[in-house]
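Engineer: Structure supplied as data.txt; contents: compact mmCIF, C-alpha atoms and all ligand atoms.
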# COMPACT_ATOMS: atom_id res chain seq x y z
CA MET A 1 21.19 18.82 9.80
CA SER A 2 24.00 21.35 9.76
CA PRO A 3 22.83 24.71 11.05
CA ASN A 4 25.02 26.27 8.34
CA ALA A 5 22.35 28.14 6.37
CA THR A 6 24.58 28.45 3.31
CA ASN A 7 24.73 24.68 2.76
CA ARG A 8 21.55 23.82 0.94
CA LYS A 9 22.79 20.69 -0.83
CA VAL A 10 20.67 17.60 -0.43
CA LEU A 11 21.74 14.19 -1.70
CA VAL A 12 18.75 12.59 -3.44
CA THR A 13 19.22 8.84 -3.91
CA GLY A 14 16.91 7.57 -6.64
CA GLY A 15 16.50 11.18 -7.75
CA ALA A 16 16.00 10.23 -11.41
CA GLY A 17 12.94 8.09 -10.60
CA TYR A 18 9.30 9.09 -10.60
CA ILE A 19 8.98 10.61 -7.13
CA GLY A 20 12.65 11.58 -6.76
CA SER A 21 12.62 13.64 -9.96
CA HIS A 22 9.60 15.63 -8.80
CA ALA A 23 11.24 16.05 -5.39
CA CYS A 24 14.30 17.56 -7.05
CA VAL A 25 12.11 20.23 -8.67
CA ALA A 26 10.38 20.96 -5.34
CA LEU A 27 13.77 21.18 -3.61
CA CYS A 28 15.03 23.68 -6.20
CA ASP A 29 11.80 25.68 -5.84
CA ALA A 30 12.41 25.80 -2.08
CA GLY A 31 16.01 27.01 -2.49
CA TYR A 32 17.79 23.68 -1.92
CA GLN A 33 20.35 22.21 -4.32
CA PRO A 34 19.62 18.56 -5.07
CA VAL A 35 22.47 16.22 -5.98
CA ILE A 36 21.03 13.20 -7.74
CA TYR A 37 22.59 9.80 -7.09
CA ASP A 38 20.89 7.08 -9.16
CA ASN A 39 22.08 3.95 -10.95
CA LEU A 40 19.32 4.40 -13.59
CA CYS A 41 18.11 0.80 -13.13
CA ASN A 42 14.53 2.12 -13.36
CA ALA A 43 14.92 5.62 -14.76
CA SER A 44 15.73 7.35 -18.00
CA ARG A 45 19.11 8.99 -18.57
CA HIS A 46 17.19 12.02 -19.86
CA VAL A 47 15.62 12.79 -16.49
CA PRO A 48 18.39 14.91 -14.90
CA ALA A 49 18.31 17.32 -17.87
CA ARG A 50 14.52 17.54 -17.68
CA ILE A 51 14.69 18.36 -13.99
CA ALA A 52 17.16 21.15 -14.70
CA GLU A 53 14.95 22.44 -17.52
CA VAL A 54 11.82 22.46 -15.37
CA ALA A 55 13.53 23.85 -12.28
CA GLY A 56 15.40 26.46 -14.32
CA VAL A 57 18.72 25.77 -12.57
CA PRO A 58 21.57 23.32 -13.17
CA VAL A 59 21.28 20.09 -11.20
CA ASP A 60 24.16 17.78 -10.28
CA PHE A 61 23.83 14.14 -11.27
CA VAL A 62 26.10 11.22 -10.40
CA GLN A 63 25.32 7.80 -11.83
CA GLY A 64 26.00 5.34 -9.05
CA ASP A 65 24.66 2.57 -6.87
CA ILE A 66 23.79 2.96 -3.18
CA ARG A 67 25.51 -0.37 -2.52
CA ASP A 68 28.82 1.11 -3.74
CA ALA A 69 30.50 2.54 -0.62
CA ASP A 70 33.37 4.10 -2.60
CA GLY A 71 30.95 5.80 -4.97
CA LEU A 72 28.98 7.25 -2.09
CA ARG A 73 32.14 8.32 -0.26
CA GLY A 74 33.19 10.27 -3.36
CA VAL A 75 29.82 12.01 -3.57
CA PHE A 76 29.82 13.01 0.11
CA ARG A 77 33.37 14.31 -0.26
CA GLU A 78 32.69 16.25 -3.48
CA PHE A 79 29.32 17.81 -2.67
CA GLU A 80 29.21 17.88 1.15
CA PRO A 81 25.41 17.63 1.35
CA CYS A 82 23.74 18.57 4.62
CA ALA A 83 20.96 15.95 4.31
CA VAL A 84 19.85 12.89 2.34
CA ILE A 85 16.47 12.03 0.89
CA HIS A 86 16.53 8.32 0.18
CA PHE A 87 14.20 7.25 -2.64
CA ALA A 88 16.46 4.62 -4.24
CA GLY A 89 14.90 1.20 -4.16
CA LEU A 90 13.15 -1.49 -6.15
CA LYS A 91 9.37 -1.26 -5.82
CA SER A 92 7.55 -3.99 -7.73
CA VAL A 93 5.58 -6.26 -5.40
CA GLY A 94 5.31 -9.09 -7.97
CA GLU A 95 9.02 -8.99 -8.76
CA SER A 96 9.85 -9.02 -5.05
CA VAL A 97 7.90 -12.26 -4.62
CA ARG A 98 9.93 -13.83 -7.43
CA GLU A 99 13.30 -12.38 -6.36
CA PRO A 100 13.19 -11.67 -2.60
CA GLY A 101 16.99 -11.82 -2.26
CA ARG A 102 17.48 -9.09 -4.84
CA TYR A 103 15.03 -6.85 -2.96
CA GLN A 104 16.79 -7.44 0.35
CA ASP A 105 20.19 -6.81 -1.20
CA ASN A 106 19.22 -3.66 -3.10
CA ASN A 107 16.83 -2.01 -0.66
CA VAL A 108 18.03 -3.13 2.77
CA GLY A 109 21.69 -3.80 1.88
CA GLY A 110 21.85 -0.51 -0.02
CA THR A 111 20.43 1.38 2.96
CA HIS A 112 23.07 -0.14 5.28
CA VAL A 113 25.81 1.14 2.98
CA LEU A 114 24.17 4.55 2.70
CA LEU A 115 23.88 4.89 6.50
CA ARG A 116 27.53 3.96 7.00
CA SER A 117 28.58 6.50 4.37
CA MET A 118 26.45 9.19 5.99
CA ASP A 119 27.95 8.46 9.38
CA GLU A 120 31.50 8.63 8.01
CA ALA A 121 30.71 11.95 6.34
CA GLY A 122 29.04 13.35 9.48
CA VAL A 123 25.66 13.76 7.74
CA ARG A 124 22.90 12.82 10.19
CA THR A 125 19.69 13.97 8.52
CA LEU A 126 17.71 11.42 6.52
CA VAL A 127 14.26 11.35 4.95
CA PHE A 128 13.30 7.83 3.89
CA SER A 129 10.61 6.74 1.40
CA SER A 130 8.49 4.29 3.30
CA SER A 131 5.06 3.11 2.23
CA ALA A 132 1.55 2.43 3.43
CA THR A 133 2.38 -1.16 2.53
CA VAL A 134 3.81 -1.38 6.12
CA TYR A 135 0.20 -1.42 7.39
CA GLY A 136 -0.63 -4.57 5.37
CA ASP A 137 -4.39 -5.18 5.34
CA PRO A 138 -5.43 -2.57 7.91
CA ASP A 139 -7.90 -3.38 10.68
CA VAL A 140 -9.46 0.09 10.44
CA VAL A 141 -9.45 3.03 8.03
CA PRO A 142 -8.44 5.80 8.05
CA ILE A 143 -5.00 4.54 9.11
CA THR A 144 -3.07 6.39 11.80
CA GLU A 145 0.66 6.02 12.35
CA SER A 146 0.04 4.01 15.51
CA ALA A 147 -1.71 1.21 13.57
CA PRO A 148 0.11 -2.14 13.75
CA VAL A 149 2.72 -2.70 11.08
CA ARG A 150 2.96 -6.02 9.29
CA THR A 151 4.35 -7.40 6.12
CA THR A 152 2.47 -8.99 3.25
CA ASN A 153 5.20 -9.41 0.64
CA PRO A 154 9.03 -9.21 0.32
CA TYR A 155 8.89 -5.60 -0.94
CA GLY A 156 6.89 -4.57 2.13
CA GLN A 157 9.35 -6.52 4.28
CA THR A 158 12.21 -4.36 2.97
CA LYS A 159 10.33 -1.20 4.02
CA LEU A 160 9.68 -2.64 7.48
CA ASP A 161 13.30 -3.80 7.83
CA ILE A 162 14.58 -0.34 6.93
CA GLU A 163 12.16 1.38 9.33
CA CYS A 164 13.40 -0.99 12.03
CA LEU A 165 17.04 -0.30 11.18
CA LEU A 166 16.42 3.45 11.35
CA GLY A 167 14.65 3.07 14.71
CA GLU A 168 17.67 1.19 16.11
CA LEU A 169 20.04 3.78 14.69
CA TYR A 170 18.14 6.62 16.35
CA GLU A 171 18.04 4.74 19.64
CA ALA A 172 21.82 4.38 19.53
CA SER A 173 22.50 7.88 18.14
CA PRO A 174 19.80 10.37 19.11
CA ASP A 175 21.66 13.20 17.41
CA TRP A 176 20.28 11.94 14.09
CA GLY A 177 17.21 13.46 12.46
CA ILE A 178 15.28 10.68 10.69
CA ALA A 179 11.90 10.62 8.99
CA CYS A 180 10.07 7.58 7.60
CA LEU A 181 7.43 9.03 5.31
CA ARG A 182 4.72 6.47 4.60
CA TYR A 183 3.33 7.24 1.17
CA PHE A 184 -0.15 6.23 0.15
CA ASN A 185 -0.69 6.13 -3.65
CA PRO A 186 1.36 8.79 -5.47
CA VAL A 187 -0.07 9.73 -8.89
CA GLY A 188 -0.06 12.64 -11.34
CA ALA A 189 2.81 14.63 -12.71
CA HIS A 190 4.45 18.04 -12.72
CA PRO A 191 1.86 20.43 -14.23
CA GLY A 192 4.21 21.59 -17.01
CA GLY A 193 3.85 18.30 -18.92
CA ARG A 194 7.64 17.71 -19.14
CA MET A 195 8.01 15.28 -16.24
CA GLY A 196 5.93 12.34 -15.07
CA GLU A 197 5.78 8.63 -14.36
CA ASP A 198 7.34 6.46 -17.06
CA PRO A 199 6.99 2.81 -16.03
CA SER A 200 8.92 0.27 -18.07
CA GLY A 201 6.79 -2.54 -19.52
CA ILE A 202 3.21 -3.11 -18.48
CA PRO A 203 2.31 -0.75 -15.61
CA ASN A 204 1.58 -2.51 -12.32
CA ASN A 205 -0.24 0.49 -10.88
CA LEU A 206 -3.68 1.77 -11.72
CA MET A 207 -3.13 5.39 -12.77
CA PRO A 208 -0.36 4.81 -15.37
CA PHE A 209 -2.39 1.91 -16.76
CA ILE A 210 -5.48 4.09 -17.15
CA ALA A 211 -3.38 6.81 -18.79
CA GLN A 212 -1.95 4.35 -21.32
CA VAL A 213 -5.45 3.11 -22.20
CA ALA A 214 -6.67 6.69 -22.64
CA VAL A 215 -3.77 7.54 -24.98
CA GLY A 216 -4.31 4.35 -27.03
CA ARG A 217 -1.17 2.44 -25.98
CA ARG A 218 -3.33 -0.29 -24.36
CA GLU A 219 -6.79 -1.48 -25.27
CA ARG A 220 -8.68 -1.96 -22.04
CA LEU A 221 -8.22 -1.71 -18.31
CA GLN A 222 -8.73 -4.78 -16.19
CA VAL A 223 -10.44 -3.85 -12.95
CA PHE A 224 -9.25 -6.32 -10.32
CA GLY A 225 -12.44 -7.33 -8.55
CA GLY A 226 -15.96 -5.88 -8.50
CA ASP A 227 -17.02 -7.65 -5.32
CA TRP A 228 -14.92 -5.94 -2.65
CA PRO A 229 -16.83 -4.77 0.44
CA THR A 230 -16.67 -1.14 -0.76
CA PRO A 231 -19.44 1.23 -1.98
CA ASP A 232 -19.11 0.28 -5.69
CA GLY A 233 -17.37 -3.09 -5.20
CA THR A 234 -13.96 -1.91 -6.50
CA GLY A 235 -10.80 -1.29 -4.45
CA VAL A 236 -10.46 2.01 -2.59
CA ARG A 237 -7.12 3.85 -2.20
CA ASP A 238 -5.78 7.22 -1.12
CA TYR A 239 -4.35 8.77 -4.31
CA ILE A 240 -2.07 11.72 -3.64
CA HIS A 241 -0.70 14.17 -6.21
CA VAL A 242 3.06 13.66 -6.55
CA MET A 243 3.64 17.42 -6.21
CA ASP A 244 1.81 17.43 -2.88
CA LEU A 245 3.84 14.40 -1.81
CA VAL A 246 7.19 15.98 -2.61
CA GLU A 247 6.23 19.26 -0.97
CA GLY A 248 5.65 17.14 2.15
CA HIS A 249 9.34 16.14 1.91
CA VAL A 250 10.42 19.77 1.83
CA ALA A 251 8.29 20.44 4.92
CA MET A 252 9.92 17.42 6.59
CA LEU A 253 13.44 18.67 5.81
CA ARG A 254 12.56 22.03 7.31
CA LEU A 255 11.40 20.35 10.51
CA LEU A 256 14.60 18.28 10.71
CA GLU A 257 16.63 21.48 10.28
CA ARG A 258 15.23 22.55 13.65
CA GLY A 259 16.63 19.53 15.50
CA PRO A 260 17.10 15.76 15.72
CA GLY A 261 14.27 13.30 16.15
CA LEU A 262 12.66 10.16 14.73
CA HIS A 263 9.39 10.62 12.83
CA HIS A 264 6.93 8.22 11.19
CA ILE A 265 4.42 10.19 9.16
CA ASN A 266 1.66 9.29 6.70
CA LEU A 267 1.57 11.25 3.46
CA GLY A 268 -1.91 10.91 2.04
CA THR A 269 -5.00 13.02 1.46
CA GLY A 270 -7.34 11.28 3.89
CA ARG A 271 -9.81 10.53 1.10
CA GLY A 272 -10.55 7.10 -0.34
CA VAL A 273 -11.28 6.81 -4.07
CA SER A 274 -12.49 3.67 -5.85
CA VAL A 275 -11.08 2.28 -9.09
CA LEU A 276 -14.25 3.25 -10.97
CA GLU A 277 -14.22 6.77 -9.50
CA LEU A 278 -10.66 7.20 -10.74
CA VAL A 279 -11.63 5.90 -14.19
CA ARG A 280 -14.48 8.42 -14.40
CA ALA A 281 -12.30 11.30 -13.19
CA PHE A 282 -9.66 10.42 -15.77
CA GLU A 283 -12.24 10.27 -18.55
CA ALA A 284 -13.49 13.72 -17.55
CA ALA A 285 -9.97 15.18 -17.43
CA SER A 286 -8.83 13.66 -20.72
CA GLY A 287 -12.02 13.68 -22.78
CA ARG A 288 -11.10 10.09 -23.76
CA SER A 289 -12.95 6.94 -22.84
CA VAL A 290 -11.29 4.26 -20.74
CA PRO A 291 -12.94 0.93 -21.56
CA TYR A 292 -12.62 -1.68 -18.84
CA ASP A 293 -13.56 -5.22 -17.84
CA ILE A 294 -14.14 -6.33 -14.30
CA VAL A 295 -11.99 -9.42 -13.72
CA ALA A 296 -10.88 -11.52 -10.75
CA ARG A 297 -9.25 -9.91 -7.72
CA ARG A 298 -5.45 -9.52 -7.86
CA PRO A 299 -3.76 -11.86 -5.36
CA GLY A 300 -2.53 -9.96 -2.31
CA ASP A 301 -4.84 -6.96 -2.87
CA ILE A 302 -6.85 -5.38 -0.09
CA ALA A 303 -10.29 -3.77 -0.14
CA GLU A 304 -9.48 -0.31 1.12
CA CYS A 305 -6.65 1.79 2.41
CA TRP A 306 -6.56 5.48 3.18
CA ALA A 307 -4.62 7.72 5.49
CA ASP A 308 -5.41 9.69 8.55
CA PRO A 309 -3.27 12.73 7.59
CA THR A 310 -3.69 14.56 10.92
CA LEU A 311 -0.13 14.03 12.15
CA ALA A 312 1.42 15.43 8.94
CA ARG A 313 -0.74 18.48 9.33
CA SER A 314 0.11 19.14 12.96
CA ARG A 315 3.79 18.24 12.83
CA LEU A 316 4.75 19.52 9.38
CA GLY A 317 2.12 22.18 8.80
CA TRP A 318 1.58 20.39 5.48
CA ARG A 319 -1.52 19.01 3.83
CA ALA A 320 -2.31 17.75 0.35
CA SER A 321 -4.10 20.47 -1.59
CA ARG A 322 -4.56 19.08 -5.12
CA ASP A 323 -7.78 17.20 -5.86
CA LEU A 324 -8.53 14.17 -8.00
CA ALA A 325 -9.37 16.29 -11.07
CA GLU A 326 -5.95 17.96 -10.88
CA MET A 327 -4.16 14.60 -10.41
CA CYS A 328 -5.88 13.28 -13.55
CA ALA A 329 -5.39 16.47 -15.59
CA ASP A 330 -1.65 16.54 -14.83
CA ALA A 331 -1.20 12.80 -15.44
CA TRP A 332 -3.04 13.18 -18.76
CA ARG A 333 -1.00 16.23 -19.88
CA TRP A 334 2.22 14.27 -19.29
CA GLN A 335 0.85 11.12 -20.99
CA HIS A 336 -0.51 12.72 -24.15
CA LEU A 337 2.42 15.11 -24.66
CA ASN A 338 4.88 12.23 -24.09
CA PRO A 339 3.03 9.09 -25.22
CA GLN A 340 6.26 7.04 -25.03
CA GLY A 341 7.41 8.63 -21.75
CA TYR A 342 11.01 9.88 -21.82
CA GLY A 343 11.50 7.79 -24.95
CA ASP A 344 14.43 5.52 -24.17
P1 LIG A 401 11.20 4.65 -9.17
O1 LIG A 401 11.56 3.25 -9.51
O2 LIG A 401 10.67 5.52 -10.23
O3 LIG A 401 12.47 5.38 -8.49
C1 LIG A 401 13.44 4.70 -7.76
C2 LIG A 401 14.80 5.12 -8.32
O4 LIG A 401 15.82 4.47 -7.58
C3 LIG A 401 14.98 4.74 -9.79
O5 LIG A 401 15.38 5.89 -10.51
C4 LIG A 401 16.09 3.69 -9.77
O6 LIG A 401 16.90 3.78 -10.93
C5 LIG A 401 16.83 4.04 -8.49
N1 LIG A 401 17.51 2.93 -7.83
C6 LIG A 401 17.00 1.72 -7.50
N2 LIG A 401 17.94 0.98 -6.90
C7 LIG A 401 19.06 1.74 -6.83
C8 LIG A 401 20.37 1.54 -6.31
N3 LIG A 401 20.73 0.36 -5.79
N4 LIG A 401 21.26 2.54 -6.39
C9 LIG A 401 20.93 3.72 -6.95
N5 LIG A 401 19.71 3.97 -7.47
C10 LIG A 401 18.80 2.98 -7.41
O7 LIG A 401 10.19 4.58 -7.94
P2 LIG A 401 9.33 5.74 -7.27
O8 LIG A 401 7.91 5.47 -7.56
O9 LIG A 401 9.89 7.05 -7.60
O10 LIG A 401 9.58 5.40 -5.74
C11 LIG A 401 10.60 6.04 -4.98
C12 LIG A 401 10.62 5.42 -3.58
O11 LIG A 401 9.34 5.57 -2.98
C13 LIG A 401 10.92 3.92 -3.58
O12 LIG A 401 11.73 3.64 -2.46
C14 LIG A 401 9.55 3.30 -3.41
O13 LIG A 401 9.63 2.04 -2.78
C15 LIG A 401 8.86 4.32 -2.54
N6 LIG A 401 7.40 4.28 -2.67
C16 LIG A 401 6.83 4.44 -3.91
C17 LIG A 401 5.45 4.38 -4.03
C18 LIG A 401 4.79 4.52 -5.39
O14 LIG A 401 3.61 4.21 -5.51
N7 LIG A 401 5.46 5.01 -6.43
C19 LIG A 401 4.65 4.18 -2.91
C20 LIG A 401 5.26 4.03 -1.66
C21 LIG A 401 6.65 4.10 -1.56
C1 LIG A 402 0.45 -1.33 -4.91
C2 LIG A 402 1.32 -2.31 -4.17
C3 LIG A 402 1.77 -1.69 -2.87
C4 LIG A 402 2.49 -0.38 -3.12
C5 LIG A 402 1.53 0.54 -3.90
C6 LIG A 402 2.17 1.84 -4.27
C7 LIG A 402 0.50 -4.51 -4.83
C8 LIG A 402 -0.22 -5.75 -4.39
N1 LIG A 402 0.56 -3.53 -3.93
O1 LIG A 402 -0.62 -1.03 -4.11
O2 LIG A 402 2.65 -2.55 -2.18
O3 LIG A 402 2.87 0.23 -1.91
O4 LIG A 402 1.16 -0.12 -5.11
O5 LIG A 402 3.19 1.61 -5.20
O6 LIG A 402 1.03 -4.45 -5.93
N2 LIG A 402 -6.05 -1.98 -10.08
C9 LIG A 402 -6.86 -2.44 -11.09
N3 LIG A 402 -6.30 -2.66 -12.32
C10 LIG A 402 -4.98 -2.44 -12.58
C11 LIG A 402 -4.16 -1.98 -11.53
C12 LIG A 402 -4.73 -1.77 -10.28
O7 LIG A 402 -8.05 -2.64 -10.91
O8 LIG A 402 -4.53 -2.67 -13.71
C13 LIG A 402 -6.66 -1.70 -8.76
C14 LIG A 402 -6.09 -2.49 -7.61
O9 LIG A 402 -6.75 -3.70 -7.44
C15 LIG A 402 -6.31 -1.50 -6.45
C16 LIG A 402 -6.17 -0.12 -7.10
O10 LIG A 402 -6.40 -0.33 -8.48
O11 LIG A 402 -7.61 -1.63 -5.96
C17 LIG A 402 -4.80 0.50 -6.92
O12 LIG A 402 -3.81 -0.41 -7.36
P1 LIG A 402 -2.26 -0.04 -7.43
O13 LIG A 402 -2.10 1.23 -8.20
O14 LIG A 402 -1.52 -1.24 -7.92
O15 LIG A 402 -1.84 0.29 -5.92
P2 LIG A 402 -2.03 -0.58 -4.59
O16 LIG A 402 -2.79 -1.81 -4.82
O17 LIG A 402 -2.55 0.34 -3.55
What would the structure in this file look like if it were written as structure tokens?
Structural biologist:
Amino acid sequence: MSPNATNRKVLVTGGAGYIGSHACVALCDAGYQPVIYDNLCNASRHVPARIAEVAGVPVDFVQGDIRDADGLRGVFREFEPCAVIHFAGLKSVGESVREPGRYQDNNVGGTHVLLRSMDEAGVRTLVFSSSATVYGDPDVVPITESAPVRTTNPYGQTKLDIECLLGELYEASPDWGIACLRYFNPVGAHPGGRMGEDPSGIPNNLMPFIAQVAVGRRERLQVFGGDWPTPDGTGVRDYIHVMDLVEGHVAMLRLLERGPGLHHINLGTGRGVSVLELVRAFEAASGRSVPYDIVARRPGDIAECWADPTLARSRLGWRASRDLAEMCADAWRWQHLNPQGYGD
């Protein structure tokens, strides 16, 4: 990253999406100036204005695709960012099984174009959204960064391919500063109730599904399996508040400002929570009931997955601080104040 302390611009690909939008607010709070670059394939056109409203400062937005080299060149020339946080990508596991080529093209192909554009522009600092999906079905929990990586579906393959690409890039050009942040299960919303997760169609993930049942948009939750080898028989995950997650990105940027390097870091809380525990916590936070049926396991699911967050703590001086009650309270505030999400 440029040592020029006056350049605080950060290009945020996918900055109109769920995590990217919250990251833009955290960047503004930390004194950076995010420049959003998003093709809006999975985000509302209202998001950039909401980010500016919540952050209390104007935010630049360019609608564009990471596979468009000319578009990216124009953005690097106009804004001269000192770093990139790369959230842009397709993220539905089921869709990736049906359309693996589209996932390769968008996620991996798009990252190739982005890296070339960064190199041309002389920008060598990159934070990449990886995922705990790179650990597949882990042999042991909690999961440390040295656990074997493996792929279980085409979406996960794109994350592994990009991590591999970034490793090769760093090997060839050790003046780059690169971080692969492996997210566990991001949930919750900005506490102001103006920004949150707005999945299109039927939510694939547990928390938005529970929130839509609580608000009356869906009748009942289906709990995928009650016979997992876990304390209550339902799947266990490491849910992390999205505000904690994005603050981890700010901590990562600050570390990369101090010098080049290649980092692989888990962002999780270190605590496993079962589906039924999350349902109960959401009921307590919302005062609504969340009726559910226990049904068959979802193909491809795993019993349990949670992080060992020690490395994030020692290397970044960061740890998740918001508990399950706060994750549910913030998700609920967003859901009931905006029952149709951003509304487009
Ligand atoms: P999201 O779909 O809300 O955000 C992704 C954004 O990228 C969207 O706004 C979309 O419009 C944009 N985008 C997609 N392809 C693009 C392209 N070719 N050019 C420009 N913009 C494009 O998803 P999210 O939950 O905010 O996830 C952000 C990143 O974090 C993704 O890379 C995802 O794989 C990763 N991740 C998410 C989770 C999770 O549970 N949400 C977990 C692990 C990793
Ligand atoms: C899913 C993805 C994973 C991705 C992660 C974060 C799959 C197979 N895996 O993981 O690649 O990195 O999201 O985006 O899609 N559950 C229910 N009912 C529901 C939804 C979920 O019982 O309607 C259960 C699941 O079985 C699981 C837990 O809730 O035990 C969490 O599910 P989910 O939110 O989809 O996340 P992951 O399975 O961890």
Engineer: For stretch 174-178 of chain A, work out the shell of residues within 9 Å, counting all atoms listed in the file and skipping chain neighbours fewer than 2 positions away, then give it as a PyMOL selection string.
Structural biologist: chain A and resi 1+123-128+166-167+169-172+180+256-257+259-264
Engineer: Counting only C-alpha atoms and all ligand atoms, what are the residues of chain A within 6 Å of ligand LIG 402 (chain A), and for each of them which pair of atoms is the nearest and at what distance in Å, to one decimal? Sort the table by chain and rising number, as JSON lines.
Structural biologist:
{"residue": "A:Val93", "atom": "CA", "partner": "A:LIG402", "partner_atom": "O6", "distance": 4.9}
{"residue": "A:Ser131", "atom": "CA", "partner": "A:LIG402", "partner_atom": "O3", "distance": 5.5}
{"residue": "A:Ala132", "atom": "CA", "partner": "A:LIG402", "partner_atom": "O3", "distance": 5.9}
{"residue": "A:Thr133", "atom": "CA", "partner": "A:LIG402", "partner_atom": "O3", "distance": 4.7}
{"residue": "A:Asn185", "atom": "CA", "partner": "A:LIG402", "partner_atom": "C6", "distance": 5.2}
{"residue": "A:Asn204", "atom": "CA", "partner": "A:LIG402", "partner_atom": "O14", "distance": 5.5}
{"residue": "A:Asn205", "atom": "CA", "partner": "A:LIG402", "partner_atom": "O13", "distance": 3.3}
{"residue": "A:Leu206", "atom": "CA", "partner": "A:LIG402", "partner_atom": "C11", "distance": 3.8}
{"residue": "A:Phe209", "atom": "CA", "partner": "A:LIG402", "partner_atom": "O8", "distance": 5.9}
{"residue": "A:Leu221", "atom": "CA", "partner": "A:LIG402", "partner_atom": "O8", "distance": 6.0}
{"residue": "A:Gln222", "atom": "CA", "partner": "A:LIG402", "partner_atom": "N3", "distance": 5.0}
{"residue": "A:Val223", "atom": "CA", "partner": "A:LIG402", "partner_atom": "O7", "distance": 3.4}
{"residue": "A:Phe224", "atom": "CA", "partner": "A:LIG402", "partner_atom": "O7", "distance": 3.9}
{"residue": "A:Gly235", "atom": "CA", "partner": "A:LIG402", "partner_atom": "O11", "distance": 3.5}
{"residue": "A:Val236", "atom": "CA", "partner": "A:LIG402", "partner_atom": "O11", "distance": 5.7}
{"residue": "A:Arg237", "atom": "CA", "partner": "A:LIG402", "partner_atom": "O17", "distance": 5.9}
{"residue": "A:Val275", "atom": "CA", "partner": "A:LIG402", "partner_atom": "O10", "distance": 5.4}
{"residue": "A:Arg298", "atom": "CA", "partner": "A:LIG402", "partner_atom": "O9", "distance": 6.0}
{"residue": "A:Gly300", "atom": "CA", "partner": "A:LIG402", "partner_atom": "C8", "distance": 5.2}
{"residue": "A:Asp301", "atom": "CA", "partner": "A:LIG402", "partner_atom": "C8", "distance": 5.0}
Engineer: Kindly assemble as a tab-separated table a list of the chain A residues that lie within 8 Å of ligand LIG 401 (chain A), each paired with its nearest atom pair and their distance in Å to one decimal, using all atoms listed in the file, sorted first by chain and then by ascending residue number.
Structural biologist:
residue	atom	partner	partner_atom	distance
A:Thr13	CA	A:LIG401	N5	6.1
A:Gly14	CA	A:LIG401	O4	3.4
A:Gly15	CA	A:LIG401	O5	6.1
A:Ala16	CA	A:LIG401	O5	4.5
A:Gly17	CA	A:LIG401	O5	3.3
A:Tyr18	CA	A:LIG401	O9	3.7
A:Ile19	CA	A:LIG401	O9	3.7
A:Gly20	CA	A:LIG401	O9	5.4
A:Ser21	CA	A:LIG401	O9	7.5
A:Tyr37	CA	A:LIG401	C9	6.3
A:Asp38	CA	A:LIG401	N5	3.7
A:Asn39	CA	A:LIG401	C9	4.2
A:Leu40	CA	A:LIG401	O6	3.6
A:Cys41	CA	A:LIG401	O6	3.9
A:Asn42	CA	A:LIG401	O6	3.8
A:Ala43	CA	A:LIG401	O5	4.3
A:Ser44	CA	A:LIG401	O5	7.6
A:Gln63	CA	A:LIG401	C9	7.7
A:Gly64	CA	A:LIG401	C9	5.7
A:Asp65	CA	A:LIG401	N4	3.4
A:Ile66	CA	A:LIG401	N4	4.1
A:Arg67	CA	A:LIG401	N3	5.8
A:His86	CA	A:LIG401	O12	7.2
A:Phe87	CA	A:LIG401	C12	4.1
A:Ala88	CA	A:LIG401	O4	3.4
A:Gly89	CA	A:LIG401	C6	4.0
A:Leu90	CA	A:LIG401	C6	5.2
A:Lys91	CA	A:LIG401	O13	4.5
A:Asn106	CA	A:LIG401	N3	5.1
A:Asn107	CA	A:LIG401	N3	6.9
A:Gly110	CA	A:LIG401	N3	5.9
A:Phe128	CA	A:LIG401	O12	7.8
A:Ser129	CA	A:LIG401	O11	4.7
A:Ser130	CA	A:LIG401	C21	5.2
A:Ser131	CA	A:LIG401	C20	4.0
A:Ala132	CA	A:LIG401	C20	6.5
A:Thr133	CA	A:LIG401	C20	7.3
A:Tyr155	CA	A:LIG401	O13	7.9
A:Lys159	CA	A:LIG401	O13	7.6
A:Arg182	CA	A:LIG401	C20	6.7
A:Tyr183	CA	A:LIG401	C20	4.7
A:Phe184	CA	A:LIG401	C19	6.1
A:Asn185	CA	A:LIG401	O14	5.1
A:Pro186	CA	A:LIG401	O14	5.1
A:Val187	CA	A:LIG401	O14	7.4
A:Glu197	CA	A:LIG401	O2	7.1
A:Asp198	CA	A:LIG401	O2	7.7
A:Pro199	CA	A:LIG401	O2	7.4
A:Asn205	CA	A:LIG401	O14	7.6
Engineer: Of the residues A:Val12, A:Val149, A:Ala121, A:Cys24, which is the one nearest to A:Glu78, using only C-alpha atoms?
Structural biologist: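 Among A:Val12, A:Val149, A:Ala121, A:Cys24, it is A:Ala121 that comes nearest to A:Glu78.
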Engineer: Just the number, please: distance in Å from atom CA of A:Leu311 to atom CA of A:Pro229, one decimal.
Structural biologist: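 Interatomic distance here is 27.7 Å.
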Engineer: Can you tell me, as JSON, numbers by chain, what residues are no more than 6 Å from A:Gly136 when counting all atoms listed in the file, ignoring any on the same chain fewer than 3 positions away?
Structural biologist: {"A": [133, 150, 151, 152]}
Engineer: Just give me the gap between atom CA of A:Ala320 and atom CA of A:Ala189 in Å, one decimal is fine.
Structural biologist: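 Distance between the two atoms: 14.4 Å.
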Engineer: Show me the residues close to (5.3, 7.8, -19.7) - anything with an atom within 8 Å, counting all atoms listed in the file - and format the list as a list in words.
Structural biologist: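 Residues with an atom close enough to that point: Gly196, Glu197, Asp198, Pro199, Pro208, Trp334, Gln335, Asn338, Pro339, Gln340, Gly341 and Tyr342 of chain A.
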Engineer: I'd like to know which of A:Leu324, A:Met207, A:Val134, A:Val57 is closest to A:Leu181, using all atoms listed in the file.
Structural biologist: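 For A:Leu181, the nearest of the candidates is A:Val134.
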